[in-house]
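Peer 1: Would you mind keeping the following structure in view while I ask a few things?
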Amino acid sequence: MRSPAVYRATRASRIAMVVAALGLIVLAAAPWWAGRADLRLMGEVFLYLSLACLWNLMAGYAGLVSVGQQAFVGFGGYMLFALTIFGGLPPIAAILIGGLLAALLSIPIASLIFRLKGAYFAIGTWVVAEVFRLTFAQIASLGGGSGTSLPVGIVRSLADGRSAREALSYWLALGAAIVVVSAVYLFLRSRRGLALTAIRDSEVAASGLGIDIWRTKLEVYVVTSAFTAIIGGLIFLQKLRISPDAAFSVNDWTAFVIFIVVIGGIGTLEGPIIGTLLFFLLRETLADFGTIYLMVLGVVAIVVMLKAPKGVWGLIRDRYDLELFPLSYRIKLNDPKDP
Amino acid sequence: MIEWINVLVQGVLLGGLYALFAAGLSLIFGVMRLVNIAHGDLIILAAYLGLSTTIMFGVHPFAAALLVLPVMAIIGYVLQRGILNQTLGPDILPPLLVTFGLSVIIQNALLEGYSADPQKLSAGAIETASVNVGSLTIGILPLLTFAIAVAVIAGLQWMFYSTALGRGFRAVSDNQDIAQLMGLNKAHVFGLAMALALAVTGIAGILLGIRTSFDPSIGGGRLIFGFEAVIIGGLGNIWGTLAGGVILGVAQTIGAKIDPGWQVLAGHIAFLVVLAIRPNGLFPRVQH
Amino acid sequence: MSDPILSLSKLNAYYGDFQALYGVDMDIHAGEVVAIIGANGAGKSTLMRSISGLMSNASDQVRFKGEAIGSLRADEVAYRGLALVPEGRQLFPSLSVEENLMLGGKVGRAGPWSLDTVFELFPVLQERRKQASTSLSGGQQQMVAIGRALMANPEVILFDEISLGLAPVIIKTIYDALPGIIGGGMTALVVEQDISKALEVSSRVFCLQEGRVSLAGATHDVTRDQITAAYFGVVA
């Protein structure tokens, strides 16, 4: 008897890879074919996609449901301003160092808030974000409560001319999204990713297998914090202006991100991508309605959570057995007539 | 010296309001292990309901409470049976995300209905009335707020440990299946718990509205204050929640005394310090 | 014979994809004491959960006094006069002994059982009425669990493994008290792994094996060999 074949890649996932590669080429060329407003919107899409992937990694895989990721978005943004203005660093270096500092900072934070369980952990992360917001509001040299703009000299140092700068900003956003999506994907395929999945499925069983749950969660938290801060730096490089309320906004950097992941499908890699597209589709259609649009978003998220907890992608996958980012192993039994 | 005693007294009294923010949160967690992210927004909703009632009927905010409290209780019962009961289970994500969605909905509905302009409940002379104790001047309103907080917490304690309703709450909290065997419909019991919690939230909302101005965006902050009071006091201890509120209030008034911009930050720092040295809070419930 | 007070017809029960009961048929008449025996995992507790409403089934698979109750919730079943003494006692740790008993009486059905009569049956509970239920010994906890079910004044009472984890002398005390409970015309289902205890108190016996009824009959008619075969699924 031949042994059954075990594999990960499927026909759909291979096709998806090819389509994705072609799509990326088209997207990379966007500065030549897209208008200024569209380019800006697409940059924003990629940054939200990155935030959604990161939040999904924490909440959907590591069970760390945070409502305080705005702490690191804002921190990354402020580091861009502080390190360029006071440190004289080039913006891109400032953003990367901001990520590193966020990683360092996240360790003592984790040692405190990991003491809170479940939903209380969530609110604890929010407290931390508030501490960040109130602290940065006290720093007079960064404009205190009203914030500050990135000096013209620093903006000019990025690239010559406005359109070149906008193209660069767009490429950075696209690049960040590619890095984050691939990093999360590769991480989940790795040994550690498997450990994470084991923890999600059963903490007791995972610790029985010798997985250090606390440490694994800490690693995810630290890495996510660093990436989130880098994305935050890129967000405020696009905006060129920062204030405590904008930088540490729970609505902009956490509520929307959570809705994206929930609507798309939490605990899947495809979910955040679909969720981001749906979110921007909704936003661009309903943006004129202001508060009504946010209420609609809230209602949609609640309905999805109650009626289709695996999100839109979960519905698609259950129906067509698709997996664009093959994480699970599949078993194919060979021809049963074979003796 | 007298200045600092004054700060301390103001902080203690402010703590009463925070304990009221926390009491409903604590009750809900105790009965059904639910953490309601929309709790702060419901406090603000109550304040706005109070505002509409005072305007519509031309009554004092305290009289408005007679309408607001039952309305909040009904909202709580309907919310619990209509939506929240479906989210309860071993997975913490659904209740968290659904209440988060509710928070956004309530906030924007208030924005739509009342605009972003700050509002205030006008309670007349009581707002400025005060008594002199030695050389200290203590406002009647903060004093009354604190007294109400103590009364509410004593009432909750009595309800929880000395009434059939409280017996049902504790039984369902211990073991939902077996409680159901005793003829308790847990969906109904949870509905009652949320109704009670939101009635308390109604009291908190009206007192908040008299004390300070409010707008639709400040719910998140009130949730955090309530949450901090619960954790500082220790989970599952309702008197501890009052102590937690007082500690938070004192930390905030001390912070404000040093620098007005430091008020809220000082409270958060006090919370983080407690979390660092006593992760289970200062007065955790004694485990059997 | 009159209509059965409790009747199961083709009862199936599932835990997700796993089927625990396969078409169980059972008629219980008023005043009967019926033993349900079977090995670990035979489906005894699932049967109790299905009857008491902790597990939902198709409505007409369980009938109580003619009414289809298979899909009712446990609290609705309790109000109709069916009480379960759950496996492992499962008292409410936050409630005192007395409060546990009072909660049992919540359904408010009229009948002989009250705090006083339960304390008469188990005098030791009266002394401990104000204590936390967790401070009691295993046997005393079992008495509270039985008293709690009796407080509902049920017409049918289900005992799920009441001897489990108790010392033999305690088991004897509890089983000695059973006639005083059932003597009042109450119908009882006694689920036990301890076969001899179950047969001692019952007039009829059902044996379950892998979710199916493998033996049914009057207690004095069935032989040891029949039980062994029905219990283990092998011919001895």
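In the structure tokens, each chain is lettered A, B, ... as it comes, each chain's residues begin at 1, and ligands are numbered from 1 in order of appearance.
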Can you tell me which residues surround Ala39 (chain C) at a distance of at most 12 Å, considering only C-alpha atoms, apart from same-chain residues fewer than 4 positions away, and format the answer as a list in words?

Peer 2: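 What passes the distance filter is Gly43, Lys44, Ser45, Glu161, Val191, Glu192, Gln193, Asp194, Ile195, Cys207, Leu208, Gln209, Glu210, Gly211, Arg212, Ser214, Ile227, Thr228, Ala229, Ala230, Tyr231, Phe232 and Gly233 of chain C.
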
Peer 1: Which residues come within 7 Å of region 294-300 of chain A, counting only C-alpha atoms, excluding same-chain residues fewer than 5 positions away, as number ranges by chain?

Peer 2: B: 101-102, 104-105, 108

Peer 1: Here is a test: counting only C-alpha atoms, which residue of A:Leu286, A:Val223, A:Leu188, A:Ile113 is nearest to Gly60 (chain A)?

Peer 2: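 Smallest separation from Gly60 (chain A) among the options: A:Leu188.
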
Peer 1: I need the chain B residues near chain C as a list in words; criterion: at most 8 Å, counting only C-alpha atoms.

Peer 2: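 My answer is Arg167, Gly168, Arg170, Ala171, Asp174, Asn175, Asp177, Ile178, Gln180, Leu181, Met182, Gly183, Leu184 and Asn185 of chain B.
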
Peer 1: What are the residues of chain B that have an atom within 10 Å of an atom of chain A, counting only C-alpha atoms, as an MDAnalysis selection string?

Peer 2: chainID B and resid 33:37 83:84 86:87 91:112 220:221 223:225 227:228 231 261:269 271:277 279:280

Peer 1: Please run DSSP on the backbone and report, as number ranges by chain, all residues within chain C that come out as strand (DSSP E or B).

Peer 2: C: 6-15, 18-28, 33-38, 62-64, 67-68, 82-85, 96, 132, 156-160, 187-192, 204-209, 212-218

Peer 1: For region 162-168 of chain C, list every protein, DNA or RNA residue within 7 Å, evaluated using only C-alpha atoms, and leave out those in the same chain fewer than 2 positions away; present the list as a PyMOL selection string.

Peer 2: chain C and resi 87+138-139+159-160+170-172

Peer 1: Go through A:Leu196, A:Ile25, A:Leu237, A:Gly144 and flag the residue nearest Leu158 (chain A), using only C-alpha atoms for the distances.

Peer 2: A:Leu237

Peer 1: Got a sec: who's within 10 Å of Gln140 (chain C), counting only C-alpha atoms, leaving out chain neighbours fewer than 3 positions off, as a list in words?

Peer 2: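 After dropping sequence-adjacent residues, the list is Val97, Phe122, Val124, Leu125, Arg128, Ser133, Thr134, Ser135, Leu136, Ser137, Met143, Val144, Ala145, Ile146, Ile170 and Ile174 of chain C.
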
Peer 1: Mind dumping the selected residues with all heavy atoms as a tab-separated table (two decimals), in the first residue's frame?

Peer 2:
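again-v2.tsv written:
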chain	number	residue	atom	x	y	z
C	97	VAL	N	-24.81	25.67	52.98
C	97	VAL	CA	-25.62	24.45	52.91
C	97	VAL	C	-27.09	24.81	52.77
C	97	VAL	O	-27.80	24.31	51.88
C	97	VAL	CB	-25.38	23.60	54.18
C	97	VAL	CG1	-26.39	22.48	54.27
C	97	VAL	CG2	-23.96	23.07	54.19
C	122	PHE	N	-31.61	14.13	57.04
C	122	PHE	CA	-30.16	14.19	57.26
C	122	PHE	C	-29.87	15.21	58.38
C	122	PHE	O	-29.54	16.36	58.11
C	122	PHE	CB	-29.43	14.65	55.99
C	122	PHE	CG	-29.63	13.75	54.80
C	122	PHE	CD1	-30.20	14.23	53.63
C	122	PHE	CD2	-29.20	12.41	54.83
C	122	PHE	CE1	-30.37	13.41	52.53
C	122	PHE	CE2	-29.37	11.59	53.72
C	122	PHE	CZ	-29.95	12.09	52.57
C	124	VAL	N	-27.49	15.82	60.26
C	124	VAL	CA	-26.19	16.47	60.32
C	124	VAL	C	-26.19	17.79	59.54
C	124	VAL	O	-25.46	18.72	59.86
C	124	VAL	CB	-25.08	15.52	59.82
C	124	VAL	CG1	-25.30	15.18	58.35
C	124	VAL	CG2	-23.71	16.11	60.02
C	125	LEU	N	-27.04	17.88	58.53
C	125	LEU	CA	-27.07	19.10	57.71
C	125	LEU	C	-27.61	20.29	58.50
C	125	LEU	O	-27.24	21.43	58.23
C	125	LEU	CB	-27.89	18.88	56.45
C	125	LEU	CG	-27.39	17.80	55.49
C	125	LEU	CD1	-28.22	17.80	54.22
C	125	LEU	CD2	-25.91	17.98	55.18
C	128	ARG	N	-24.96	22.01	60.24
C	128	ARG	CA	-24.01	22.69	59.35
C	128	ARG	C	-24.68	23.68	58.41
C	128	ARG	O	-24.11	24.06	57.40
C	128	ARG	CB	-23.29	21.64	58.48
C	128	ARG	CG	-22.75	20.46	59.25
C	128	ARG	CD	-21.28	20.64	59.45
C	128	ARG	NE	-20.82	19.89	60.61
C	128	ARG	CZ	-19.92	18.93	60.56
C	128	ARG	NH1	-19.36	18.63	59.42
C	128	ARG	NH2	-19.55	18.32	61.64
C	133	SER	N	-20.75	25.16	51.67
C	133	SER	CA	-20.98	23.78	51.27
C	133	SER	C	-19.67	23.04	51.01
C	133	SER	O	-19.59	21.82	51.14
C	133	SER	CB	-21.86	23.74	50.02
C	133	SER	OG	-21.31	24.58	49.03
C	134	THR	N	-18.61	23.80	50.68
C	134	THR	CA	-17.33	23.16	50.38
C	134	THR	C	-16.64	22.65	51.65
C	134	THR	O	-15.70	21.87	51.56
C	134	THR	CB	-16.39	24.15	49.68
C	134	THR	OG1	-16.47	25.39	50.37
C	134	THR	CG2	-16.78	24.35	48.25
C	135	SER	N	-17.09	23.11	52.82
C	135	SER	CA	-16.41	22.70	54.05
C	135	SER	C	-16.89	21.33	54.53
C	135	SER	O	-16.39	20.81	55.51
C	135	SER	CB	-16.62	23.75	55.14
C	135	SER	OG	-17.99	23.76	55.53
C	136	LEU	N	-17.89	20.76	53.86
C	136	LEU	CA	-18.45	19.48	54.29
C	136	LEU	C	-17.65	18.30	53.74
C	136	LEU	O	-16.94	18.43	52.75
C	136	LEU	CB	-19.90	19.37	53.79
C	136	LEU	CG	-21.00	19.88	54.72
C	136	LEU	CD1	-20.74	21.30	55.14
C	136	LEU	CD2	-22.35	19.75	54.05
C	137	SER	N	-17.81	17.15	54.40
C	137	SER	CA	-17.19	15.93	53.88
C	137	SER	C	-17.94	15.48	52.63
C	137	SER	O	-19.04	15.95	52.35
C	137	SER	CB	-17.26	14.83	54.94
C	137	SER	OG	-18.60	14.38	55.06
C	143	MET	N	-25.36	14.37	50.70
C	143	MET	CA	-26.66	14.56	51.35
C	143	MET	C	-27.26	15.90	50.94
C	143	MET	O	-28.47	16.00	50.68
C	143	MET	CB	-26.50	14.53	52.88
C	143	MET	CG	-26.11	13.16	53.41
C	143	MET	SD	-25.71	13.26	55.17
C	143	MET	CE	-24.96	11.65	55.41
C	144	VAL	N	-26.42	16.93	50.86
C	144	VAL	CA	-26.93	18.24	50.42
C	144	VAL	C	-27.45	18.13	48.99
C	144	VAL	O	-28.52	18.64	48.66
C	144	VAL	CB	-25.83	19.32	50.51
C	144	VAL	CG1	-26.38	20.66	50.02
C	144	VAL	CG2	-25.32	19.45	51.93
C	145	ALA	N	-26.68	17.43	48.15
C	145	ALA	CA	-27.08	17.31	46.74
C	145	ALA	C	-28.42	16.60	46.62
C	145	ALA	O	-29.28	17.00	45.83
C	145	ALA	CB	-26.01	16.58	45.94
C	146	ILE	N	-28.61	15.55	47.43
C	146	ILE	CA	-29.89	14.83	47.40
C	146	ILE	C	-31.00	15.71	47.95
C	146	ILE	O	-32.08	15.84	47.36
C	146	ILE	CB	-29.78	13.50	48.19
C	146	ILE	CG1	-28.81	12.55	47.48
C	146	ILE	CG2	-31.16	12.85	48.36
C	146	ILE	CD1	-28.48	11.29	48.27
C	170	ILE	N	-20.30	5.36	54.16
C	170	ILE	CA	-21.12	6.52	53.78
C	170	ILE	C	-22.16	6.10	52.75
C	170	ILE	O	-23.34	6.49	52.82
C	170	ILE	CB	-20.23	7.63	53.17
C	170	ILE	CG1	-19.07	7.99	54.09
C	170	ILE	CG2	-21.06	8.85	52.83
C	170	ILE	CD1	-19.46	8.75	55.31
C	174	ILE	N	-26.28	6.47	52.92
C	174	ILE	CA	-27.09	7.15	51.92
C	174	ILE	C	-28.12	6.20	51.32
C	174	ILE	O	-29.30	6.54	51.18
C	174	ILE	CB	-26.18	7.78	50.86
C	174	ILE	CG1	-25.51	9.02	51.48
C	174	ILE	CG2	-26.97	8.17	49.61
C	174	ILE	CD1	-24.56	9.73	50.60

Peer 1: Select from region 23-156 of chain A everything DSSP, run on the backbone, classes as alpha helix (DSSP H), then give the selection as JSON, numbers by chain.

Peer 2: {"A": [23, 24, 25, 26, 27, 28, 30, 31, 32, 33, 36, 37, 38, 39, 40, 41, 42, 43, 44, 45, 46, 47, 48, 49, 50, 51, 52, 53, 54, 55, 56, 70, 71, 72, 73, 74, 75, 76, 77, 78, 79, 80, 81, 82, 83, 84, 85, 91, 92, 93, 94, 95, 96, 97, 98, 99, 100, 101, 102, 103, 104, 105, 106, 107, 108, 109, 110, 111, 112, 113, 118, 119, 120, 121, 122, 123, 124, 125, 126, 127, 128, 129, 130, 131, 132, 133, 134, 135, 136, 137, 138, 152, 153, 154, 155, 156]}

Peer 1: Could you list, as an NGL selection string, every residue within 6 Å of Val118 (chain C), counting only C-alpha atoms and ignoring same-chain residues fewer than 3 positions away?

Peer 2: :C and (115 or 121 or 147)

Peer 1: In Å, with one decimal, what is the gap from CA of Asp41 (chain B) to CA of Leu141 (chain B)?

Peer 2: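 CA of Leu141 (chain B) lies 23.0 Å from CA of Asp41 (chain B).
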
Peer 1: Would you kindly return, as a PyMOL selection string, each protein, DNA or RNA residue with an atom no farther than 8 Å from any atom of Ser59 (chain C), considering only C-alpha atoms and excluding same-chain residues fewer than 3 positions away?

Peer 2: chain C and resi 62+68-72

Peer 1: Which residues come within 8 Å of Tyr170 (chain A), counting only C-alpha atoms, excluding same-chain residues fewer than 5 positions away, as a ChimeraX atom specification?

Peer 2: /A:31,39-40,42-43

Peer 1: Just how far from CA of Pro90 (chain A) is CA of Ser163 (chain A), in Å to one decimal?

Peer 2: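 A separation of 19.0 Å between them.
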
Peer 1: Please indicate the distance in Å from CA of Pro260 (chain B) to CA of Arg211 (chain B), rounded to one decimal place.

Peer 2: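 So the answer is 17.4 Å.
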